[in-house]
$ cat final_26.txt   # compact mmCIF, C-alpha atoms
# COMPACT_ATOMS: atom_id res chain seq x y z
CA MET A 1 80.32 -79.78 -125.48
CA ASN A 2 78.58 -82.22 -123.17
CA GLY A 3 75.25 -83.76 -124.07
CA PRO A 4 73.67 -86.86 -125.47
CA ALA A 5 75.69 -89.13 -127.74
CA LEU A 6 76.16 -87.85 -131.25
CA PRO A 7 73.73 -89.02 -133.93
CA TYR A 8 75.31 -91.66 -136.18
CA PHE A 9 74.48 -92.22 -139.85
CA SER A 10 75.73 -95.41 -141.47
CA ASP A 11 75.37 -93.97 -144.98
CA PRO A 12 75.53 -90.15 -144.81
CA PRO A 13 75.26 -88.08 -148.02
CA LEU A 14 78.75 -86.64 -147.51
CA GLN A 15 80.70 -85.48 -150.53
CA GLU A 16 83.62 -83.77 -148.85
CA VAL A 17 85.09 -83.04 -145.42
CA ALA A 18 87.74 -80.35 -144.91
CA VAL A 19 89.56 -79.59 -141.67
CA SER A 20 91.82 -76.59 -141.45
CA VAL A 21 93.82 -74.26 -139.29
CA GLN A 22 94.68 -70.65 -140.11
CA PHE A 23 97.71 -68.97 -138.59
CA GLU A 24 99.60 -65.70 -138.83
CA PRO A 25 101.34 -65.67 -142.24
CA LEU A 26 104.68 -67.50 -142.37
CA GLN A 27 106.59 -65.01 -144.50
CA ARG A 28 109.50 -67.42 -144.98
CA LEU A 29 107.29 -70.19 -146.36
CA VAL A 30 108.11 -69.69 -150.05
CA VAL A 31 108.46 -71.83 -153.16
CA PRO A 32 111.73 -73.69 -152.31
CA GLU A 33 110.30 -74.63 -148.88
CA ILE A 34 107.16 -75.96 -150.52
CA GLY A 35 109.33 -78.33 -152.57
CA LEU A 36 111.09 -79.49 -149.41
CA LEU A 37 107.74 -79.90 -147.67
CA TRP A 38 106.52 -82.17 -150.46
CA GLN A 39 109.62 -84.31 -149.95
CA HIS A 40 109.00 -84.22 -146.20
CA TYR A 41 105.64 -85.94 -146.73
CA GLY A 42 107.39 -88.65 -148.72
CA SER A 43 105.28 -90.95 -150.84
CA LYS A 44 102.01 -90.07 -149.11
CA TYR A 45 101.12 -87.41 -151.64
CA HIS A 46 101.82 -88.06 -155.31
CA HIS A 47 100.57 -85.02 -157.19
CA VAL A 48 100.97 -81.28 -156.79
CA GLU A 49 98.65 -78.55 -158.01
CA GLN A 50 98.58 -74.77 -157.66
CA HIS A 51 95.44 -72.83 -156.83
CA PRO A 52 94.51 -69.22 -156.02
CA LEU A 53 94.95 -68.10 -152.42
CA LEU A 54 92.14 -68.46 -149.92
CA PRO A 55 91.32 -65.16 -148.19
CA SER A 56 91.91 -65.01 -144.46
CA LYS A 57 88.80 -65.32 -142.30
CA ILE A 58 88.42 -64.42 -138.65
CA GLU A 59 85.20 -64.89 -136.69
CA ARG A 60 84.74 -61.86 -134.47
CA ILE A 61 81.88 -60.65 -132.32
CA GLY A 62 80.88 -57.06 -131.66
CA VAL A 63 81.24 -56.16 -135.34
CA ARG A 64 79.05 -56.68 -138.37
CA PRO A 65 79.54 -59.32 -141.05
CA PRO A 66 81.66 -58.17 -144.00
CA PHE A 67 80.06 -56.22 -146.83
CA LEU A 68 77.73 -58.06 -149.16
CA ARG A 69 79.31 -56.36 -152.15
CA LYS A 70 82.81 -57.41 -151.28
CA PRO A 71 85.49 -54.86 -152.03
CA THR A 72 88.63 -56.83 -152.60
CA LEU A 73 92.16 -55.65 -152.25
CA GLN A 74 94.89 -57.20 -154.32
CA LEU A 75 98.33 -56.12 -153.22
CA VAL A 76 101.25 -57.71 -154.94
CA ASP A 77 104.76 -57.43 -153.61
CA GLY A 78 106.90 -59.60 -155.83
CA PRO A 79 106.09 -63.24 -156.59
CA VAL A 80 103.20 -64.59 -154.54
CA LEU A 81 103.29 -68.09 -153.10
CA PRO A 82 100.14 -69.79 -154.37
CA ARG A 83 97.99 -72.23 -152.46
CA VAL A 84 99.56 -75.61 -153.12
CA TRP A 85 97.72 -78.93 -153.12
CA PHE A 86 99.46 -82.23 -152.37
CA LEU A 87 97.16 -85.02 -153.54
CA SER A 88 97.16 -88.72 -152.69
CA GLU A 89 97.56 -91.17 -155.55
CA ASP A 90 93.82 -91.81 -155.85
CA GLU A 91 93.19 -88.04 -155.36
CA ARG A 92 90.58 -88.71 -152.70
CA GLU A 93 92.69 -86.99 -150.06
CA LEU A 94 94.74 -83.84 -150.20
CA ILE A 95 96.41 -81.22 -148.10
CA GLN A 96 96.43 -77.56 -149.01
CA ILE A 97 99.17 -75.22 -147.88
CA GLN A 98 99.54 -71.46 -148.12
CA GLN A 99 101.43 -68.98 -145.97
CA ASP A 100 98.59 -68.73 -143.45
CA ARG A 101 96.70 -72.00 -143.89
CA PHE A 102 96.91 -75.76 -143.52
CA VAL A 103 93.89 -77.71 -144.82
CA ARG A 104 93.25 -81.43 -145.16
CA ASN A 105 90.40 -82.74 -147.31
CA TRP A 106 88.70 -86.05 -147.92
CA ARG A 107 86.39 -86.17 -150.93
CA LYS A 108 84.07 -88.73 -152.43
CA LEU A 109 85.02 -89.32 -156.05
CA GLU A 110 83.03 -92.48 -156.84
CA LYS A 111 79.45 -93.28 -155.92
CA ASP A 112 80.54 -96.29 -153.87
CA ASP A 113 83.20 -94.46 -151.85
CA ASP A 114 82.48 -94.85 -148.15
CA TYR A 115 82.99 -91.97 -145.75
CA PRO A 116 86.05 -93.08 -143.75
CA ARG A 117 84.71 -91.63 -140.46
CA TYR A 118 85.94 -88.75 -138.35
CA ASP A 119 87.33 -90.66 -135.37
CA ASP A 120 88.88 -93.47 -137.41
CA HIS A 121 90.44 -91.50 -140.23
CA ILE A 122 89.66 -87.80 -140.73
CA ARG A 123 90.86 -86.64 -137.30
CA PRO A 124 93.99 -88.82 -136.92
CA GLU A 125 95.14 -88.15 -140.50
CA PHE A 126 94.68 -84.40 -140.09
CA LEU A 127 96.55 -84.41 -136.79
CA SER A 128 99.37 -86.56 -138.18
CA ASP A 129 99.85 -84.34 -141.26
CA LEU A 130 99.59 -81.17 -139.18
CA ARG A 131 102.25 -82.50 -136.77
CA ASP A 132 104.50 -83.18 -139.75
CA PHE A 133 103.90 -79.63 -140.95
CA TYR A 134 104.80 -78.24 -137.51
CA ASP A 135 107.98 -80.37 -137.49
CA PHE A 136 108.92 -79.15 -140.95
CA VAL A 137 108.35 -75.48 -140.09
CA SER A 138 110.40 -75.85 -136.91
CA LYS A 139 113.31 -77.81 -138.46
CA ASN A 140 113.64 -75.36 -141.33
CA SER A 141 113.40 -72.24 -139.11
CA ILE A 142 110.47 -70.94 -141.13
CA GLY A 143 108.85 -69.22 -138.15
CA ASP A 144 106.48 -69.75 -135.27
CA ILE A 145 103.03 -71.06 -136.05
CA VAL A 146 100.51 -68.80 -134.29
CA PRO A 147 97.08 -70.27 -134.96
CA ASN A 148 94.11 -67.89 -134.97
CA GLN A 149 91.21 -69.85 -136.51
CA CYS A 150 90.15 -73.45 -137.01
CA GLU A 151 87.55 -74.63 -139.47
CA VAL A 152 85.59 -77.81 -140.15
CA THR A 153 83.49 -78.16 -143.31
CA TYR A 154 81.04 -80.95 -144.14
CA SER A 155 79.62 -80.74 -147.64
CA ASN A 156 76.65 -82.99 -148.44
CA LEU A 157 74.81 -83.75 -151.63
CA ILE A 158 71.21 -84.78 -151.00
CA ALA A 159 69.68 -86.25 -154.13
CA SER A 160 65.93 -86.51 -154.66
CA GLY A 161 64.44 -89.98 -154.26
CA GLU A 162 61.76 -91.71 -152.28
CA CYS A 163 61.26 -88.84 -149.81
CA TRP A 164 61.13 -85.90 -152.13
CA ALA A 165 61.03 -85.27 -155.89
CA THR A 166 61.48 -81.62 -156.81
CA HIS A 167 63.10 -78.58 -155.25
CA ALA A 168 59.61 -77.45 -154.25
CA ASP A 169 59.68 -80.35 -151.77
CA ILE A 170 62.40 -78.61 -149.74
CA GLY A 171 60.22 -78.98 -146.64
CA LYS A 172 60.36 -82.77 -147.00
CA ALA A 173 64.15 -82.67 -146.88
CA PHE A 174 64.74 -79.96 -144.27
CA THR A 175 63.04 -79.24 -140.98
CA ALA A 176 64.33 -75.67 -141.30
CA TRP A 177 61.72 -75.11 -144.03
CA SER A 178 58.02 -75.62 -143.35
CA HIS A 179 56.48 -78.08 -145.81
CA THR A 180 53.04 -76.82 -144.75
CA TYR A 181 53.93 -73.43 -146.13
CA ALA A 182 54.66 -74.87 -149.57
CA GLN A 183 51.35 -76.74 -149.54
CA THR A 184 49.22 -73.80 -148.42
CA SER A 185 50.92 -70.97 -150.27
CA ARG A 186 48.82 -69.44 -153.05
CA TYR A 187 51.94 -69.48 -155.24
CA GLU A 188 53.56 -72.48 -156.89
CA LEU A 189 56.95 -72.92 -155.28
CA GLU A 190 59.76 -73.58 -157.74
CA ASP A 191 62.73 -73.80 -155.39
CA ALA A 192 64.16 -72.28 -152.23
CA ARG A 193 67.41 -72.03 -150.35
CA PHE A 194 68.39 -71.10 -146.83
CA SER A 195 71.39 -69.85 -144.93
CA ILE A 196 71.60 -70.00 -141.13
CA ARG A 197 74.28 -68.57 -138.88
CA TYR A 198 74.68 -69.79 -135.29
CA LEU A 199 77.02 -68.59 -132.56
CA ILE A 200 79.41 -71.08 -130.99
CA ARG A 201 80.22 -70.34 -127.37
CA ALA A 202 82.31 -72.01 -124.68
CA GLU A 203 80.58 -73.43 -121.63
CA ASP A 204 81.28 -70.19 -119.77
CA GLY A 205 79.54 -68.21 -122.54
CA ASP A 206 82.75 -66.92 -124.09
CA PHE A 207 82.48 -66.36 -127.85
CA LEU A 208 84.37 -68.98 -129.86
CA GLY A 209 83.08 -68.73 -133.41
CA ARG A 210 80.17 -69.50 -135.69
CA LEU A 211 78.41 -72.40 -137.38
CA TYR A 212 77.12 -71.74 -140.89
CA VAL A 213 74.44 -73.96 -142.44
CA THR A 214 73.45 -73.37 -146.06
CA ALA A 215 71.23 -75.33 -148.42
CA GLU A 216 71.32 -74.64 -152.13
CA PRO A 217 69.19 -76.29 -154.84
CA MET A 218 71.12 -77.93 -157.68
CA PHE A 219 70.86 -80.54 -160.42
CA ILE A 220 72.97 -83.69 -160.45
CA GLY A 221 74.37 -85.46 -163.50
CA ILE A 222 73.26 -85.56 -167.11
CA ASP A 223 69.74 -86.61 -166.13
CA GLU A 224 69.54 -83.46 -163.99
CA THR A 225 68.32 -85.16 -160.84
CA PRO A 226 67.21 -82.46 -158.40
CA GLY A 227 69.40 -82.23 -155.35
CA PHE A 228 70.37 -79.96 -152.51
CA ARG A 229 73.89 -79.13 -151.53
CA LEU A 230 73.96 -78.81 -147.74
CA ASP A 231 77.12 -77.21 -146.35
CA LEU A 232 77.90 -77.00 -142.66
CA VAL A 233 80.94 -74.97 -141.60
CA SER A 234 82.21 -74.43 -138.05
CA ARG A 235 84.84 -71.74 -137.73
CA GLY A 236 86.37 -70.21 -134.63
CA ARG A 237 89.38 -69.60 -132.48
CA PRO A 238 91.52 -72.43 -131.15
CA LEU A 239 90.83 -73.19 -127.49
CA SER A 240 94.54 -72.57 -126.87
CA PRO A 241 97.52 -71.87 -129.17
CA ALA A 242 98.82 -75.45 -128.74
CA LEU A 243 97.93 -78.39 -130.99
CA GLU A 244 95.52 -79.59 -128.29
CA GLY A 245 93.71 -76.25 -128.48
CA ILE A 246 93.42 -76.53 -132.25
CA MET A 247 92.02 -80.05 -132.00
CA GLY A 248 89.76 -78.89 -129.18
CA PHE A 249 87.94 -76.46 -131.44
CA ILE A 250 87.93 -78.87 -134.36
CA ASP A 251 86.31 -81.59 -132.22
CA LEU A 252 83.78 -79.09 -130.90
CA GLY A 253 83.06 -77.69 -134.35
CA ARG A 254 82.56 -81.14 -135.81
CA GLU A 255 80.22 -82.03 -132.95
CA HIS A 256 78.09 -78.95 -133.69
CA ILE A 257 78.04 -79.90 -137.37
CA VAL A 258 76.82 -83.44 -136.71
CA ARG A 259 74.08 -82.26 -134.35
CA ALA A 260 73.01 -79.43 -136.67
CA PHE A 261 72.93 -81.83 -139.63
CA ALA A 262 70.55 -84.09 -137.70
CA ASP A 263 68.48 -81.09 -136.60
CA VAL A 264 67.96 -79.49 -140.01
CA THR A 265 67.24 -82.68 -141.98
CA THR A 266 64.03 -84.71 -141.72
CA PRO A 267 63.50 -88.11 -140.04
CA ASP A 268 62.42 -89.55 -143.42
CA LEU A 269 65.88 -88.85 -144.80
CA HIS A 270 67.51 -90.08 -141.60
CA ARG A 271 65.98 -93.51 -142.21
CA ILE A 272 67.54 -93.61 -145.69
CA TRP A 273 70.91 -92.59 -144.29
CA GLY A 274 70.75 -95.25 -141.58
CA ARG A 275 70.48 -93.09 -138.47
CA GLN A 276 71.26 -95.01 -135.31
CA GLY A 277 71.05 -94.08 -131.67
CA ASN A 278 70.03 -90.54 -130.71
CA MET B 1 108.44 -51.88 -151.94
CA GLY B 2 106.61 -51.09 -155.15
CA ALA B 3 103.49 -53.09 -154.38
CA GLY B 4 100.82 -52.99 -157.05
CA LEU B 5 97.30 -52.11 -156.00
CA ALA B 6 93.95 -53.06 -157.39
CA THR B 7 90.48 -52.87 -155.93
CA ALA B 8 87.31 -54.37 -157.26
CA LEU B 9 83.72 -54.61 -156.15
CA HIS B 10 82.44 -58.12 -156.28
CA ASP B 11 78.75 -58.86 -155.83
CA ASP B 12 78.10 -62.45 -154.86
CA ARG B 13 74.32 -62.18 -154.80
CA ALA B 14 72.63 -64.35 -157.39
CA ASP B 15 69.67 -62.01 -157.74
CA ASP B 16 70.19 -58.31 -157.50
CA PHE B 17 66.66 -56.96 -157.62
CA GLU B 18 66.02 -53.47 -158.84
CA ARG B 19 65.34 -51.54 -155.68
CA SER B 20 63.80 -48.12 -155.35
CA GLY B 21 65.55 -47.26 -152.08
CA CYS B 22 62.24 -46.99 -150.22
CA PHE B 23 63.64 -48.05 -146.84
CA PRO B 24 64.70 -45.23 -144.52
CA ASP B 25 68.41 -44.86 -143.86
CA GLU B 26 67.93 -46.11 -140.30
CA VAL B 27 67.13 -49.58 -141.63
CA VAL B 28 70.42 -51.34 -142.14
CA SER B 29 70.79 -54.84 -143.52
CA CYS B 30 72.85 -57.38 -141.60
CA GLU B 31 74.93 -57.42 -144.78
CA ARG B 32 76.11 -53.90 -145.38
CA GLN B 33 76.91 -51.62 -148.25
CA VAL B 34 80.31 -50.09 -148.79
CA PRO B 35 80.93 -46.59 -147.35
CA GLN B 36 81.53 -43.88 -149.92
CA TRP B 37 85.02 -43.26 -148.63
CA TRP B 38 85.98 -46.93 -149.02
CA THR B 39 87.93 -46.62 -152.27
CA GLU B 40 89.88 -43.65 -150.93
CA ALA B 41 90.74 -45.63 -147.78
CA ILE B 42 91.89 -48.63 -149.80
CA GLN B 43 94.04 -46.39 -152.01
CA ARG B 44 95.58 -44.86 -148.90
CA ILE B 45 96.46 -48.32 -147.56
CA GLY B 46 97.94 -49.14 -150.95
CA MET B 47 100.06 -45.98 -150.83
CA LEU B 48 101.51 -47.10 -147.50
CA MET B 49 102.94 -50.09 -149.33
CA ASP B 50 105.30 -47.71 -151.13
CA LEU B 51 107.04 -46.86 -147.86
CA SER B 52 110.50 -48.21 -147.24
CA ASP B 53 112.06 -49.14 -143.92
CA ASN B 54 113.24 -46.09 -141.99
CA TRP B 55 110.45 -43.99 -143.58
CA ASP B 56 110.47 -41.69 -140.53
CA SER B 57 114.29 -41.51 -140.43
CA TYR B 58 114.09 -42.96 -136.90
CA GLY B 59 114.34 -46.60 -137.95
CA ALA B 60 110.61 -47.29 -138.46
CA LYS B 61 109.62 -50.50 -140.23
CA ALA B 62 107.56 -50.29 -143.41
CA PRO B 63 104.13 -51.97 -143.37
CA ASN B 64 103.97 -55.14 -145.44
CA VAL B 65 101.28 -56.59 -147.71
CA SER B 66 100.15 -59.01 -145.05
CA ILE B 67 99.36 -56.26 -142.55
CA ALA B 68 97.63 -54.28 -145.31
CA HIS B 69 95.25 -57.19 -145.91
CA CYS B 70 94.58 -57.43 -142.17
CA ALA B 71 93.85 -53.69 -142.08
CA VAL B 72 91.37 -53.93 -144.95
CA ASP B 73 89.60 -56.87 -143.28
CA ILE B 74 89.23 -55.10 -139.96
CA LEU B 75 88.16 -51.81 -141.54
CA GLN B 76 85.47 -53.66 -143.45
CA GLU B 77 84.06 -55.15 -140.28
CA ILE B 78 84.06 -51.97 -138.19
CA ALA B 79 82.65 -49.69 -140.91
CA LEU B 80 79.32 -49.10 -139.16
CA PRO B 81 76.75 -46.91 -140.93
CA GLY B 82 77.62 -43.25 -140.41
CA ILE B 83 81.21 -43.92 -139.41
CA PRO B 84 83.44 -41.01 -140.45
CA GLN B 85 86.43 -41.65 -142.65
CA PRO B 86 89.45 -42.51 -140.50
CA ALA B 87 92.92 -41.11 -140.93
CA ILE B 88 95.14 -44.02 -141.97
CA VAL B 89 98.76 -43.86 -140.87
CA PRO B 90 101.75 -46.20 -140.65
CA THR B 91 103.20 -46.96 -137.23
CA PRO B 92 106.91 -47.22 -136.44
CA ARG B 93 106.66 -50.97 -135.83
CA GLY B 94 105.39 -51.62 -139.36
CA ASN B 95 101.68 -51.75 -138.65
CA ILE B 96 98.74 -49.69 -139.93
CA GLN B 97 96.65 -47.46 -137.68
CA PHE B 98 93.16 -45.96 -138.08
CA GLU B 99 92.45 -42.74 -136.20
CA TRP B 100 89.41 -40.64 -135.42
CA HIS B 101 89.84 -37.32 -133.61
CA GLU B 102 86.54 -35.48 -133.38
CA GLN B 103 83.52 -34.76 -131.16
CA GLY B 104 85.85 -34.81 -128.15
CA ILE B 105 86.85 -38.38 -128.88
CA ASP B 106 90.33 -39.63 -129.73
CA LEU B 107 90.15 -43.20 -130.96
CA GLU B 108 93.16 -45.01 -132.39
CA LEU B 109 93.20 -48.58 -133.65
CA GLU B 110 96.48 -50.25 -134.56
CA VAL B 111 96.25 -53.45 -136.60
CA LEU B 112 98.82 -55.82 -135.10
CA SER B 113 98.07 -59.07 -136.95
CA GLN B 114 95.22 -61.09 -138.47
CA ALA B 115 93.62 -61.58 -135.08
CA LYS B 116 94.98 -58.81 -132.88
CA ILE B 117 94.39 -55.08 -132.67
CA SER B 118 95.37 -52.46 -130.14
CA VAL B 119 92.82 -49.76 -129.29
CA SER B 120 93.36 -46.48 -127.50
CA PHE B 121 90.33 -44.36 -126.46
CA GLU B 122 90.03 -40.95 -124.85
CA ASP B 123 86.83 -38.96 -124.33
CA SER B 124 87.36 -35.38 -123.21
CA GLU B 125 83.63 -35.02 -122.40
CA THR B 126 83.52 -37.80 -119.82
CA GLY B 127 87.20 -38.17 -119.00
CA ALA B 128 87.06 -41.84 -119.97
CA GLU B 129 90.40 -43.21 -121.13
CA TRP B 130 91.60 -46.74 -121.84
CA ASP B 131 94.01 -48.81 -123.88
CA VAL B 132 93.33 -52.43 -124.67
CA GLU B 133 94.48 -55.22 -126.94
CA LEU B 134 91.53 -57.04 -128.57
CA ASP B 135 91.31 -60.25 -130.56
CA TYR B 136 87.94 -61.91 -131.24
CA ASN B 137 85.54 -59.77 -129.22
CA LEU B 138 85.55 -56.23 -130.60
CA THR B 139 82.57 -54.97 -128.59
CA PRO B 140 84.57 -52.26 -126.73
CA LEU B 141 85.73 -50.89 -130.08
CA SER B 142 82.30 -50.91 -131.72
CA ASP B 143 80.80 -49.26 -128.61
CA SER B 144 83.35 -46.44 -128.96
CA LEU B 145 82.59 -46.06 -132.64
CA LYS B 146 78.85 -45.95 -131.94
CA LEU B 147 79.47 -43.18 -129.38
CA LEU B 148 81.38 -41.22 -132.00
CA ILE B 149 78.64 -41.75 -134.59
CA ASN B 150 75.90 -40.72 -132.16
CA ARG B 151 77.71 -37.51 -131.27
CA ARG B 152 78.05 -36.68 -134.95
CA MET B 153 74.35 -37.31 -135.45
CA LEU B 154 73.48 -34.97 -132.60
CA ILE B 155 75.68 -32.26 -134.08
CA ASN B 156 74.11 -32.79 -137.50
CA GLN B 157 70.63 -32.55 -136.00
CA ALA B 158 71.60 -29.40 -134.12
CA ILE B 159 72.65 -27.73 -137.35
CA GLY B 160 69.44 -28.74 -139.10
CA ASN B 161 70.38 -31.92 -140.82
CA THR B 162 67.69 -34.27 -139.55
CA LEU B 163 68.64 -37.18 -141.73
CA PRO B 164 71.26 -39.10 -139.75
CA GLY B 165 73.51 -41.20 -141.84
CA ARG B 166 73.01 -39.06 -144.96
CA ASP B 167 76.30 -37.33 -144.67
CA SER B 168 79.11 -37.27 -147.11
CA HIS B 169 80.44 -40.58 -145.92
CA TYR B 170 77.62 -42.79 -147.25

$ encode --input "final_26.txt" --output "structure tokens"
Amino acid sequence: MNGPALPYFSDPPLQEVAVSVQFEPLQRLVVPEIGLLWQHYGSKYHHVEQHPLLPSKIERIGVRPPFLRKPTLQLVDGPVLPRVWFLSEDERELIQIQQDRFVRNWRKLEKDDDYPRYDDHIRPEFLSDLRDFYDFVSKNSIGDIVPNQCEVTYSNLIASGECWATHADIGKAFTAWSHTYAQTSRYELEDARFSIRYLIRAEDGDFLGRLYVTAEPMFIGIDETPGFRLDLVSRGRPLSPALEGIMGFIDLGREHIVRAFADVTTPDLHRIWGRQGN
Amino acid sequence: MGAGLATALHDDRADDFERSGCFPDEVVSCERQVPQWWTEAIQRIGMLMDLSDNWDSYGAKAPNVSIAHCAVDILQEIALPGIPQPAIVPTPRGNIQFEWHEQGIDLELEVLSQAKISVSFEDSETGAEWDVELDYNLTPLSDSLKLLINRRMLINQAIGNTLPGRDSHY
């Protein structure tokens, strides 16, 4: 995506960043291989956890979104490989593996944790770990990795403060909500949330995927400070089946997220987060 | 294969207001409701998991759990309002196929993987006929399904049912 330089925030309200690739299920990736994979990563990841499987997700166009009341199908054919987490020693970083998914997360655990930056850390670490995963799958004849979706998630926690005080001030935090409406409405606003879905297209107009932006009111900590969780998720097909194609969508998706974050939040908050440049 | 099967309806809306159903059937939310035949379709897909290799005695592969999940995902997305219940059959290469044969239309959709389907379309009214492999843009498939649904509506109207969409499938 060409355009003006990306907005930069020296102190963004980021809580977590996840980058992932989904591929056709590797049927031979089972429990013994997961043990070998953990060894393959050496001392980088110290802890292992098991979690329920993530459902597969494909962004398609020409069809409707899935049902609101989600009918779920649980088919069990012998032991199921769970989603496995490999966590770093300080547990701030982890990779998640299941038969059709590779995910790498960074998360803020302490208030003073600094976001380590996409170009400096998030992207190269994801690519390095994904390359190792490709090597492992190849060396152990587990199968061919056929990627079909990439996903980037930025999860923010925006606490109330000098710009806004209660959830009724949603218009002071987000441009996507009119503050004038809250002031002129005959009803006393208690809180509000929003969910926006954008299409992501290639320069030639070809459908690539979608960007989801959702804001949800919440309370933070024992003093119940009002806050909003703002999630931005870009999901779509790799630009090609190769690693470059995967990173191509991930870079594009992240770019959309950064621009959308700047678009839906207010200049007052941008000042607090140290916005620089465009 | 002896796969176990369970289905459940999960509602992820925080507030499910009591609604009186005052909107006409033509008004369809972006987020849709489940067709009445959904459970039967899911059970049929589950039954296919009981097949073993060589189920047709000509060396056919049995569908696996992974392809069953793909089939459920794709069926959920193409289940437009008024869509008739498809026949659900296994294919010799271990995939699952949805079929509609009515109103002069023969439409077959084979689920190949998470991101790939194969579609075969024949319309005896217009002579149109095509086969295509689709991945992320399913517009040709949904256009065919809309054609099928519209023809059903016209038939229903012709026999006096003037409430399109209120058939046994929803």

$ residues_around --input "final_26.txt" --residues "Phe207 of chain A" --least-positions-apart "5" --cutoff "12 Å" --atoms "all atoms listed in the file" --output "PyMOL selection string"
(chain A and resi 59-62+198-202+235-239) or (chain B and resi 135-139)

$ residues_near_point --input "final_26.txt" --point "(74.6, -99.6, -145.7)" --cutoff "10 Å" --atoms "all atoms listed in the file" --output "list of chain:residue names"
A:Phe9, A:Ser10, A:Asp11, A:Pro12, A:Asp114, A:Ile272, A:Trp273, A:Gly274

$ closest_residue --input "final_26.txt" --among "A:Glu91, A:Asp206, A:Glu16, A:Asp268" --to "chain B" --atoms "all atoms listed in the file"
A:Asp206

$ axis_aligned_box --input "final_26.txt" --around "segment 6-16 of chain A" --padding-each-side "5 Å" --output "AutoDock Vina command-line options"
--center_x 78.7 --center_y -89.6 --center_z -140.9 --size_x 19.9 --size_y 21.6 --size_z 29.3

$ closest_residue --input "final_26.txt" --among "B:Leu112, B:Leu147, B:Ala62, B:Val34" --to "chain A" --atoms "all atoms listed in the file"
B:Val34

$ decode --input "final_26.txt" --residues "segment 52-92 of chain B" --atoms "C-alpha atoms" --output "PDB file, in the first residue's frame"
ATOM      1  CA  SER B  52     -14.106 -46.364   5.687  1.00  0.00           C
ATOM      2  CA  ASP B  53     -11.692 -46.282   2.782  1.00  0.00           C
ATOM      3  CA  ASN B  54     -13.002 -48.188  -0.230  1.00  0.00           C
ATOM      4  CA  TRP B  55     -16.604 -47.326   0.782  1.00  0.00           C
ATOM      5  CA  ASP B  56     -17.686 -47.596  -2.869  1.00  0.00           C
ATOM      6  CA  SER B  57     -15.712 -50.826  -3.425  1.00  0.00           C
ATOM      7  CA  TYR B  58     -13.782 -48.974  -6.161  1.00  0.00           C
ATOM      8  CA  GLY B  59     -11.000 -47.730  -3.904  1.00  0.00           C
ATOM      9  CA  ALA B  60     -12.613 -44.441  -2.796  1.00  0.00           C
ATOM     10  CA  LYS B  61     -11.031 -42.564   0.099  1.00  0.00           C
ATOM     11  CA  ALA B  62     -13.107 -41.848   3.197  1.00  0.00           C
ATOM     12  CA  PRO B  63     -13.634 -38.177   4.114  1.00  0.00           C
ATOM     13  CA  ASN B  64     -11.692 -37.100   7.193  1.00  0.00           C
ATOM     14  CA  VAL B  65     -12.566 -34.804  10.104  1.00  0.00           C
ATOM     15  CA  SER B  66     -10.594 -31.952   8.623  1.00  0.00           C
ATOM     16  CA  ILE B  67     -12.609 -31.921   5.394  1.00  0.00           C
ATOM     17  CA  ALA B  68     -15.822 -32.210   7.431  1.00  0.00           C
ATOM     18  CA  HIS B  69     -14.949 -29.004   9.278  1.00  0.00           C
ATOM     19  CA  CYS B  70     -14.197 -27.277   5.968  1.00  0.00           C
ATOM     20  CA  ALA B  71     -17.562 -28.454   4.614  1.00  0.00           C
ATOM     21  CA  VAL B  72     -19.439 -27.075   7.619  1.00  0.00           C
ATOM     22  CA  ASP B  73     -17.638 -23.725   7.311  1.00  0.00           C
ATOM     23  CA  ILE B  74     -18.432 -23.341   3.635  1.00  0.00           C
ATOM     24  CA  LEU B  75     -22.049 -24.476   4.033  1.00  0.00           C
ATOM     25  CA  GLN B  76     -22.511 -21.888   6.752  1.00  0.00           C
ATOM     26  CA  GLU B  77     -21.303 -19.110   4.494  1.00  0.00           C
ATOM     27  CA  ILE B  78     -23.332 -20.056   1.415  1.00  0.00           C
ATOM     28  CA  ALA B  79     -26.596 -20.749   3.271  1.00  0.00           C
ATOM     29  CA  LEU B  80     -28.457 -17.777   1.784  1.00  0.00           C
ATOM     30  CA  PRO B  81     -32.057 -17.193   2.905  1.00  0.00           C
ATOM     31  CA  GLY B  82     -34.376 -19.527   1.021  1.00  0.00           C
ATOM     32  CA  ILE B  83     -31.635 -21.912  -0.042  1.00  0.00           C
ATOM     33  CA  PRO B  84     -32.999 -25.456  -0.354  1.00  0.00           C
ATOM     34  CA  GLN B  85     -31.394 -28.245   1.600  1.00  0.00           C
ATOM     35  CA  PRO B  86     -28.518 -29.739  -0.398  1.00  0.00           C
ATOM     36  CA  ALA B  87     -27.847 -33.419  -0.870  1.00  0.00           C
ATOM     37  CA  ILE B  88     -24.565 -34.150   0.907  1.00  0.00           C
ATOM     38  CA  VAL B  89     -22.437 -36.925  -0.548  1.00  0.00           C
ATOM     39  CA  PRO B  90     -18.877 -38.213  -0.225  1.00  0.00           C
ATOM     40  CA  THR B  91     -16.627 -38.100  -3.279  1.00  0.00           C
ATOM     41  CA  PRO B  92     -14.194 -40.836  -4.304  1.00  0.00           C
TER      42      PRO B  92
END
